[in-house]
$ cat final.cif   # mmCIF, C-alpha atoms
data_work
loop_
_atom_site.label_atom_id
_atom_site.label_comp_id
_atom_site.auth_asym_id
_atom_site.auth_seq_id
_atom_site.Cartn_x
_atom_site.Cartn_y
_atom_site.Cartn_z
CA MET A 1 13.39 -9.16 10.42
CA ARG A 2 12.00 -10.85 13.50
CA TRP A 3 8.34 -11.84 13.07
CA ARG A 4 7.67 -15.57 13.56
CA GLY A 5 6.89 -15.17 17.25
CA GLY A 6 4.35 -12.44 16.55
CA GLN A 7 0.69 -12.85 17.37
CA ARG A 8 -1.37 -14.74 14.80
CA GLY A 9 -4.95 -14.16 13.82
CA GLY A 10 -4.85 -10.40 14.11
CA GLY A 11 -4.56 -9.48 10.45
CA GLY A 12 -8.21 -9.97 9.41
CA ILE A 13 -7.20 -12.27 6.56
CA GLN A 14 -9.62 -13.45 3.88
CA ASP A 15 -7.85 -15.95 1.62
CA ARG A 16 -9.16 -16.16 -1.95
CA ARG A 17 -6.09 -17.83 -3.41
CA GLY A 18 -6.94 -20.82 -5.53
CA MET A 19 -10.34 -19.40 -6.41
CA GLY A 20 -9.09 -18.08 -9.73
CA ALA A 21 -10.33 -14.89 -11.34
CA GLY A 22 -13.96 -15.95 -11.48
CA GLY A 23 -16.98 -13.99 -10.44
CA ILE A 24 -16.41 -11.13 -12.87
CA ALA A 25 -19.52 -9.05 -13.40
CA GLY A 26 -20.28 -7.28 -16.66
CA GLY A 27 -17.42 -5.07 -17.80
CA GLY A 28 -14.90 -6.60 -15.39
CA LEU A 29 -12.35 -7.44 -18.07
CA GLY A 30 -12.54 -3.91 -19.42
CA VAL A 31 -11.88 -2.52 -15.95
CA MET A 32 -8.84 -4.79 -15.61
CA VAL A 33 -7.39 -3.60 -18.92
CA LEU A 34 -8.11 0.05 -18.24
CA ALA A 35 -6.56 -0.12 -14.78
CA ALA A 36 -3.42 -1.80 -16.12
CA ILE A 37 -3.03 0.68 -18.97
CA GLY A 38 -3.83 3.63 -16.74
CA TYR A 39 -1.20 2.68 -14.20
CA LEU A 40 1.60 1.33 -16.38
CA VAL A 41 1.34 3.90 -19.18
CA PHE A 42 -0.14 7.04 -17.67
CA GLY A 43 0.69 6.60 -13.98
CA ILE A 44 -2.96 6.79 -12.91
CA PRO A 45 -3.42 5.04 -9.54
CA PRO A 46 -5.37 1.76 -10.02
CA GLU A 47 -7.88 2.73 -7.36
CA THR A 48 -8.82 5.78 -9.44
CA THR A 49 -9.65 3.63 -12.46
CA THR A 50 -11.51 0.97 -10.51
CA GLN A 51 -13.53 3.50 -8.54
CA LEU A 52 -14.64 5.15 -11.77
CA ALA A 53 -15.58 1.74 -13.16
CA THR A 54 -17.66 1.05 -10.08
CA GLN A 55 -19.55 4.30 -10.58
CA LEU A 56 -20.27 3.23 -14.15
CA GLY A 57 -21.61 -0.12 -12.98
CA ALA A 58 -18.61 -2.20 -14.04
CA ALA A 59 -17.65 -3.60 -10.65
CA GLY A 60 -16.54 -7.18 -10.19
CA SER A 61 -17.90 -9.65 -7.66
CA GLN A 62 -16.34 -12.61 -5.93
CA ALA A 63 -17.38 -15.16 -3.37
CA GLU A 64 -15.84 -14.67 0.03
CA GLY A 65 -12.64 -16.57 0.68
CA GLU A 66 -11.63 -18.58 3.71
CA ARG A 67 -11.13 -16.47 6.83
CA GLY A 68 -8.47 -17.07 9.43
CA THR A 69 -4.70 -17.46 9.67
CA PRO A 70 -3.25 -19.01 6.47
CA GLU A 71 -1.11 -22.09 7.00
CA ASP A 72 1.53 -21.29 4.37
CA ASP A 73 4.56 -19.18 5.21
CA ALA A 74 3.74 -16.25 2.92
CA GLY A 75 0.17 -16.03 4.16
CA LEU A 76 1.26 -16.33 7.77
CA PHE A 77 3.71 -13.48 7.26
CA VAL A 78 0.92 -11.19 6.06
CA ASP A 79 -1.26 -12.23 8.99
CA VAL A 80 1.39 -11.54 11.62
CA ILE A 81 2.58 -8.27 10.08
CA GLY A 82 -0.98 -7.08 9.49
CA GLY A 83 -1.91 -7.87 13.08
CA ASN A 84 1.07 -5.95 14.36
CA VAL A 85 0.32 -2.95 12.14
CA ASN A 86 -3.22 -2.97 13.55
CA ALA A 87 -1.86 -3.08 17.10
CA VAL A 88 0.37 -0.07 16.44
CA TRP A 89 -2.39 2.03 14.91
CA SER A 90 -4.88 1.03 17.60
CA ASP A 91 -2.38 2.51 20.05
CA LEU A 92 -1.66 5.66 18.04
CA LEU A 93 -5.03 6.54 16.52
CA MET A 94 -8.18 6.88 18.60
CA GLY A 95 -11.10 5.03 17.04
CA TYR A 96 -8.90 2.97 14.74
CA ARG A 97 -10.75 0.10 13.02
CA PRO A 98 -8.67 -2.57 11.26
CA PRO A 99 -9.13 -3.14 7.53
CA THR A 100 -9.89 -6.49 5.96
CA VAL A 101 -6.96 -8.08 4.10
CA VAL A 102 -7.69 -10.18 1.00
CA LEU A 103 -5.10 -12.53 -0.48
CA TYR A 104 -5.84 -13.41 -4.10
CA GLU A 105 -4.30 -14.63 -7.33
CA VAL A 106 -4.64 -13.12 -10.82
CA GLY A 107 -7.78 -11.07 -10.11
CA THR A 108 -10.71 -10.59 -7.78
CA GLY A 109 -13.81 -8.50 -7.26
CA THR A 110 -13.45 -5.52 -4.93
CA GLY A 111 -15.62 -2.70 -3.67
CA CYS A 112 -13.73 -0.48 -6.12
CA GLY A 113 -14.29 -2.65 -9.17
CA TYR A 114 -12.29 -5.55 -10.59
CA GLY A 115 -8.80 -5.78 -9.13
CA GLN A 116 -5.94 -7.71 -10.71
CA SER A 117 -2.36 -8.51 -9.94
CA ALA A 118 -0.84 -6.12 -12.52
CA MET A 119 -1.91 -3.30 -10.19
CA GLY A 120 0.38 -4.48 -7.43
CA PRO A 121 -0.86 -4.29 -3.82
CA PHE A 122 -3.67 -1.78 -3.38
CA TYR A 123 -6.22 -0.48 -0.90
CA CYS A 124 -9.89 0.03 -1.70
CA PRO A 125 -11.51 2.71 0.46
CA ALA A 126 -15.03 1.67 -0.58
CA ASP A 127 -14.78 -1.65 1.29
CA GLN A 128 -11.83 -0.65 3.53
CA THR A 129 -9.81 -3.63 2.34
CA VAL A 130 -6.16 -4.21 1.47
CA TYR A 131 -5.73 -6.49 -1.56
CA LEU A 132 -2.51 -8.49 -1.98
CA ASP A 133 -1.41 -10.87 -4.71
CA LEU A 134 1.67 -12.33 -3.07
CA GLY A 135 3.31 -12.96 -6.43
CA PHE A 136 4.15 -9.26 -6.33
CA TRP A 137 6.99 -9.95 -3.91
CA GLN A 138 8.87 -11.88 -6.61
CA GLN A 139 8.07 -9.28 -9.25
CA MET A 140 9.22 -6.50 -6.96
CA GLN A 141 12.60 -8.15 -6.55
CA THR A 142 13.29 -9.53 -10.03
CA GLN A 143 11.69 -6.86 -12.21
CA LEU A 144 11.87 -3.69 -10.14
CA GLY A 145 15.21 -4.16 -8.42
CA ALA A 146 13.74 -3.98 -4.93
CA SER A 147 14.90 -5.94 -1.92
CA GLY A 148 13.57 -9.43 -1.22
CA ALA A 149 14.07 -9.04 2.53
CA ASP A 150 11.15 -9.53 4.89
CA PHE A 151 11.10 -5.90 5.96
CA ALA A 152 10.86 -4.78 2.34
CA LYS A 153 7.68 -6.85 2.04
CA ALA A 154 6.39 -5.63 5.38
CA TYR A 155 6.97 -2.02 4.30
CA VAL A 156 4.67 -2.53 1.32
CA ILE A 157 1.97 -4.06 3.55
CA ALA A 158 2.27 -1.25 6.08
CA HIS A 159 2.08 1.33 3.27
CA GLU A 160 -1.31 -0.04 2.19
CA PHE A 161 -2.50 -0.01 5.81
CA GLY A 162 -1.37 3.62 5.80
CA HIS A 163 -3.98 4.31 3.14
CA HIS A 164 -6.57 2.81 5.46
CA VAL A 165 -5.46 5.22 8.18
CA GLN A 166 -5.91 8.05 5.68
CA THR A 167 -9.46 6.88 4.99
CA LEU A 168 -10.22 6.91 8.71
CA THR A 169 -8.69 10.35 9.27
CA GLY A 170 -10.39 11.86 6.22
CA ALA A 171 -7.12 12.64 4.42
CA SER A 172 -8.13 10.55 1.40
CA ASP A 173 -11.41 12.43 1.01
CA ASP A 174 -9.58 15.74 1.38
CA VAL A 175 -7.25 14.76 -1.45
CA ARG A 176 -10.11 13.75 -3.74
CA ARG A 177 -11.80 17.11 -3.14
CA ALA A 178 -8.53 18.97 -3.76
CA GLN A 179 -7.97 17.04 -6.98
CA ALA A 180 -11.48 17.89 -8.15
CA ARG A 181 -10.61 21.58 -7.71
CA ALA A 182 -7.21 21.28 -9.40
CA THR A 183 -6.71 23.33 -12.54
CA SER A 184 -4.32 20.84 -14.17
CA GLN A 185 -3.41 17.17 -14.09
CA ALA A 186 0.03 18.08 -12.77
CA GLU A 187 -1.58 19.86 -9.80
CA ALA A 188 -3.88 16.90 -9.14
CA ASN A 189 -0.90 14.56 -9.28
CA ARG A 190 0.90 16.54 -6.58
CA PHE A 191 -1.91 15.76 -4.16
CA SER A 192 -1.65 12.07 -5.07
CA VAL A 193 2.09 12.19 -4.40
CA ALA A 194 1.52 13.78 -0.99
CA LEU A 195 -0.98 11.04 -0.11
CA GLU A 196 1.42 8.26 -1.15
CA LEU A 197 4.39 9.80 0.67
CA GLN A 198 2.32 10.08 3.84
CA ALA A 199 1.53 6.36 3.53
CA ASP A 200 5.28 5.73 3.25
CA CYS A 201 5.84 7.81 6.38
CA TYR A 202 3.10 5.88 8.18
CA ALA A 203 4.88 2.64 7.23
CA GLY A 204 7.97 4.00 8.96
CA VAL A 205 5.90 4.94 12.00
CA TRP A 206 4.67 1.36 12.20
CA ALA A 207 8.22 -0.02 11.96
CA ALA A 208 9.38 2.28 14.76
CA ASN A 209 6.63 1.04 17.09
CA ALA A 210 6.42 -2.61 16.03
CA ALA A 211 8.65 -4.03 18.75
CA ARG A 212 7.03 -1.99 21.50
CA LEU A 213 3.56 -3.30 20.66
CA SER A 214 4.64 -6.92 20.23
CA GLY A 215 6.96 -7.45 23.18
CA GLY A 216 9.86 -7.56 20.72
CA GLU A 217 8.40 -10.44 18.69
CA VAL A 218 7.97 -8.27 15.59
CA ALA A 219 11.05 -6.11 15.22
CA LEU A 220 13.65 -4.86 12.81
CA ARG A 221 17.15 -6.27 12.93
CA PRO A 222 20.34 -4.45 11.89
CA GLY A 223 20.26 -3.77 8.17
CA ASP A 224 16.49 -4.16 7.80
CA LEU A 225 15.77 -0.45 7.49
CA GLU A 226 18.30 -0.22 4.66
CA GLU A 227 16.47 -3.00 2.80
CA GLY A 228 13.23 -1.08 3.14
CA LEU A 229 14.87 2.12 1.91
CA LYS A 230 16.29 0.20 -1.06
CA THR A 231 12.78 -0.87 -1.95
CA ALA A 232 11.37 2.64 -1.53
CA ALA A 233 14.03 3.88 -3.94
CA ALA A 234 13.28 1.12 -6.44
CA ILE A 235 9.59 1.96 -6.67
CA GLY A 236 9.94 5.73 -6.95
CA ASP A 237 8.21 7.18 -10.01
CA ASP A 238 11.48 8.36 -11.54
CA ALA A 239 13.07 4.94 -11.10
CA LEU A 240 10.06 3.21 -12.67
CA GLN A 241 9.99 5.63 -15.59
CA GLN A 242 13.71 5.14 -16.20
CA ARG A 243 13.35 1.36 -15.94
CA GLY A 244 10.56 1.51 -18.49
CA GLY A 245 12.82 3.34 -20.91
CA GLY A 246 10.84 6.53 -20.79
CA ARG A 247 11.64 10.14 -20.00
CA VAL A 248 11.46 11.19 -16.36
CA SER A 249 8.48 13.52 -16.08
CA PRO A 250 7.96 14.93 -12.55
CA ASP A 251 4.56 16.38 -13.47
CA SER A 252 3.30 12.86 -14.11
CA PHE A 253 4.49 11.47 -10.77
CA THR A 254 1.70 9.93 -8.68
CA HIS A 255 3.70 8.25 -5.89
CA GLY A 256 6.82 10.39 -5.51
CA SER A 257 10.44 10.21 -6.55
CA SER A 258 12.86 7.67 -5.14
CA GLU A 259 14.45 10.37 -2.99
CA GLN A 260 11.08 11.47 -1.64
CA ARG A 261 9.94 7.95 -0.82
CA VAL A 262 13.19 7.19 0.99
CA THR A 263 13.02 10.49 2.90
CA TRP A 264 9.49 9.98 4.18
CA LEU A 265 9.90 6.31 5.08
CA ARG A 266 13.00 7.26 7.05
CA ARG A 267 11.25 10.19 8.72
CA GLY A 268 8.41 7.99 9.93
CA TYR A 269 10.87 5.47 11.31
CA GLU A 270 13.12 8.01 13.02
CA THR A 271 10.24 9.87 14.70
CA GLY A 272 7.73 7.07 15.28
CA ASP A 273 5.13 9.84 15.30
CA PRO A 274 2.26 10.20 12.79
CA ALA A 275 2.28 13.95 13.42
CA ALA A 276 5.66 14.07 11.67
CA CYS A 277 4.05 12.81 8.47
CA ASP A 278 2.52 16.06 7.21
CA THR A 279 3.39 15.69 3.55
CA PHE A 280 0.69 18.21 2.61
CA ARG A 281 2.37 21.22 4.16
CA GLY A 282 2.63 23.99 1.61
CA TYR A 283 -0.22 22.74 -0.57
#
$ encode --input "final.cif" --output "structure tokens"
Amino acid sequence: MRWRGGQRGGGGIQDRRGMGAGGIAGGGLGVMVLAAIGYLVFGIPPETTTQLATQLGAAGSQAEGERGTPEDDAGLFVDVIGGNVNAVWSDLLMGYRPPTVVLYEVGTGTGCGYGQSAMGPFYCPADQTVYLDLGFWQQMQTQLGASGADFAKAYVIAHEFGHHVQTLTGASDDVRRAQARATSQAEANRFSVALELQADCYAGVWAANAARLSGGEVALRPGDLEEGLKTAAAIGDDALQQRGGGRVSPDSFTHGSSEQRVTWLRRGYETGDPAACDTFRGY
């Protein structure tokens, strides 16, 4: 993937790496454990657990990290890709406001409670911030069988920015209301899947428009899309359940099957149009 010539300083980076996991308010450790168990065992999205913890007064806190473009390669990559994603959505969505991006290690306080690296990358709607522990890239490749290519990493970043778009459009609030009305956990999960698949589609929309909004400095090369699709397949709920040695249970899916994630990422890329990302049709 071409990216090194992309514009720097546009990703809204706040770098907390090296600050450790300090600044945990009362109950922070419990939130961390609950979020990890909820996600890894029951498939509950981490943001659901941490938001509940916040409501119960168990949020974490952390001093603000250094703002600006990181000097290391991994941090620079996030800054350039994040800036380009912002440029694309500023062009496609009227009134778009960029999220903050926090880089951290191990754990950190968030507006949704205490976040930690076992959750993987996540977006907190309460503070409109994307949280990234960059060690996830290695885990994604070695433990989940995903691609280590740059576009595979960029896809994950763009997916989390997609959740920010959903906050701005009101889709996230619509899903929370629909889940509150759901008559079963399986029904509530279907709305979560639709939200996640739309974020995948939005990641594809970004990829389709990246070169146009960067003068070709951020762009996919031949084979890059396939690496992203490989990653989408690797992190499908069925693939993760199989890898964990468990039974595949579609009713427990919260992010979508491998086939669904591949389909919607591809659809976003092939159309380049957010309007093509209506994953809620039929609900």
$ residues_around --input "final.cif" --residues "Phe191 (chain A)" --least-positions-apart "2" --cutoff "10 Å" --atoms "only C-alpha atoms" --output "MDAnalysis selection string"
chainID A and resid 172 174:176 178:179 182 186:189 193:197 254:255 279:280 283
$ atom_distance --input "final.cif" --atom1 "CA of Leu134 (chain A)" --atom2 "CA of Ser117 (chain A)"
8.8 Å
$ residues_around --input "final.cif" --residues "Arg16 (chain A)" --least-positions-apart "5" --cutoff "7 Å" --atoms "only C-alpha atoms" --output "MDAnalysis selection string"
chainID A and resid 65:66 102:104
$ write_last_selection --input "final.cif" --atoms "C-alpha atoms" --output "PDB file, keeping the file's coordinate frame"
ATOM      1  CA  GLY A  65     -12.640 -16.570   0.680  1.00  0.00           C
ATOM      2  CA  GLU A  66     -11.630 -18.580   3.710  1.00  0.00           C
ATOM      3  CA  VAL A 102      -7.690 -10.180   1.000  1.00  0.00           C
ATOM      4  CA  LEU A 103      -5.100 -12.530  -0.480  1.00  0.00           C
ATOM      5  CA  TYR A 104      -5.840 -13.410  -4.100  1.00  0.00           C
TER       6      TYR A 104
END
$ resolve_selection --input "final.cif" --expression "the PyMOL selection byres ((chain A and resi 156) around 9)" --output "ChimeraX atom specification"
/A:121,151-155,157-161,200,203,228,231-232
$ closest_residue --input "final.cif" --among "A:Cys124, A:Met119, A:Cys201, A:Ala275" --to "Gly162 (chain A)" --atoms "only C-alpha atoms"
A:Cys201
$ closest_residue --input "final.cif" --among "A:Gly95, A:Gly204, A:Gly115, A:Gly10" --to "Gly268 (chain A)" --atoms "only C-alpha atoms"
A:Gly204
$ residues_around --input "final.cif" --residues "Pro70 (chain A)" --least-positions-apart "6" --cutoff "12 Å" --atoms "only C-alpha atoms" --output "list in words"
Arg8, Gly9, Gly10, Gly11, Gly12, Ile13, Gln14, Asp15, Arg16, Arg17, Leu76, Phe77, Val78, Asp79, Val80, Val101, Val102 and Leu103 of chain A
$ resolve_selection --input "final.cif" --expression "the PyMOL selection byres ((chain A and resi 86) around 10)" --output "PyMOL selection string"
chain A and resi 10-12+80-85+87-92+96-99+158+161+206+210+213
$ atom_distance --input "final.cif" --atom1 "CA of Tyr114 (chain A)" --atom2 "CA of Thr129 (chain A)"
13.3 Å
$ resolve_selection --input "final.cif" --expression "the PyMOL selection byres ((chain A and resi 215) around 12)" --output "mmCIF file with C-alpha atoms, in the frame of the given file"
data_model
loop_
_atom_site.group_PDB
_atom_site.id
_atom_site.type_symbol
_atom_site.label_atom_id
_atom_site.label_comp_id
_atom_site.auth_asym_id
_atom_site.auth_seq_id
_atom_site.Cartn_x
_atom_site.Cartn_y
_atom_site.Cartn_z
ATOM 1 C CA ARG A 2 12.000 -10.850 13.500
ATOM 2 C CA TRP A 3 8.340 -11.840 13.070
ATOM 3 C CA GLY A 5 6.890 -15.170 17.250
ATOM 4 C CA GLY A 6 4.350 -12.440 16.550
ATOM 5 C CA GLN A 7 0.690 -12.850 17.370
ATOM 6 C CA ASN A 84 1.070 -5.950 14.360
ATOM 7 C CA ALA A 87 -1.860 -3.080 17.100
ATOM 8 C CA VAL A 88 0.370 -0.070 16.440
ATOM 9 C CA ASN A 209 6.630 1.040 17.090
ATOM 10 C CA ALA A 210 6.420 -2.610 16.030
ATOM 11 C CA ALA A 211 8.650 -4.030 18.750
ATOM 12 C CA ARG A 212 7.030 -1.990 21.500
ATOM 13 C CA LEU A 213 3.560 -3.300 20.660
ATOM 14 C CA SER A 214 4.640 -6.920 20.230
ATOM 15 C CA GLY A 216 9.860 -7.560 20.720
ATOM 16 C CA GLU A 217 8.400 -10.440 18.690
ATOM 17 C CA VAL A 218 7.970 -8.270 15.590
ATOM 18 C CA ALA A 219 11.050 -6.110 15.220
#
$ residues_around --input "final.cif" --residues "Gln139 (chain A)" --least-positions-apart "4" --cutoff "12 Å" --atoms "all atoms listed in the file" --output "ChimeraX atom specification"
/A:117-121,133-135,143-148,153,234-235
$ atom_distance --input "final.cif" --atom1 "CA of Asp273 (chain A)" --atom2 "CA of Ala207 (chain A)"
10.9 Å
$ residues_around --input "final.cif" --residues "Ala126 (chain A)" --least-positions-apart "3" --cutoff "9 Å" --atoms "only C-alpha atoms" --output "list in words"
Gln51, Thr110, Gly111, Cys112 and Thr129 of chain A
$ closest_residue --input "final.cif" --among "A:Asp251, A:Glu64, A:Asp238, A:Glu71" --to "Ser184 (chain A)" --atoms "all atoms listed in the file"
A:Asp251
$ closest_residue --input "final.cif" --among "A:Gln116, A:Tyr123, A:Gly236, A:Leu93" --to "Phe136 (chain A)" --atoms "all atoms listed in the file"
A:Gln116
$ closest_residue --input "final.cif" --among "A:Gln138, A:Gln198, A:Pro125, A:Arg177" --to "His164 (chain A)" --atoms "all atoms listed in the file"
A:Pro125
$ closest_residue --input "final.cif" --among "A:Val165, A:Gln128, A:Gly18, A:Arg181" --to "Val106 (chain A)" --atoms "all atoms listed in the file"
A:Gly18
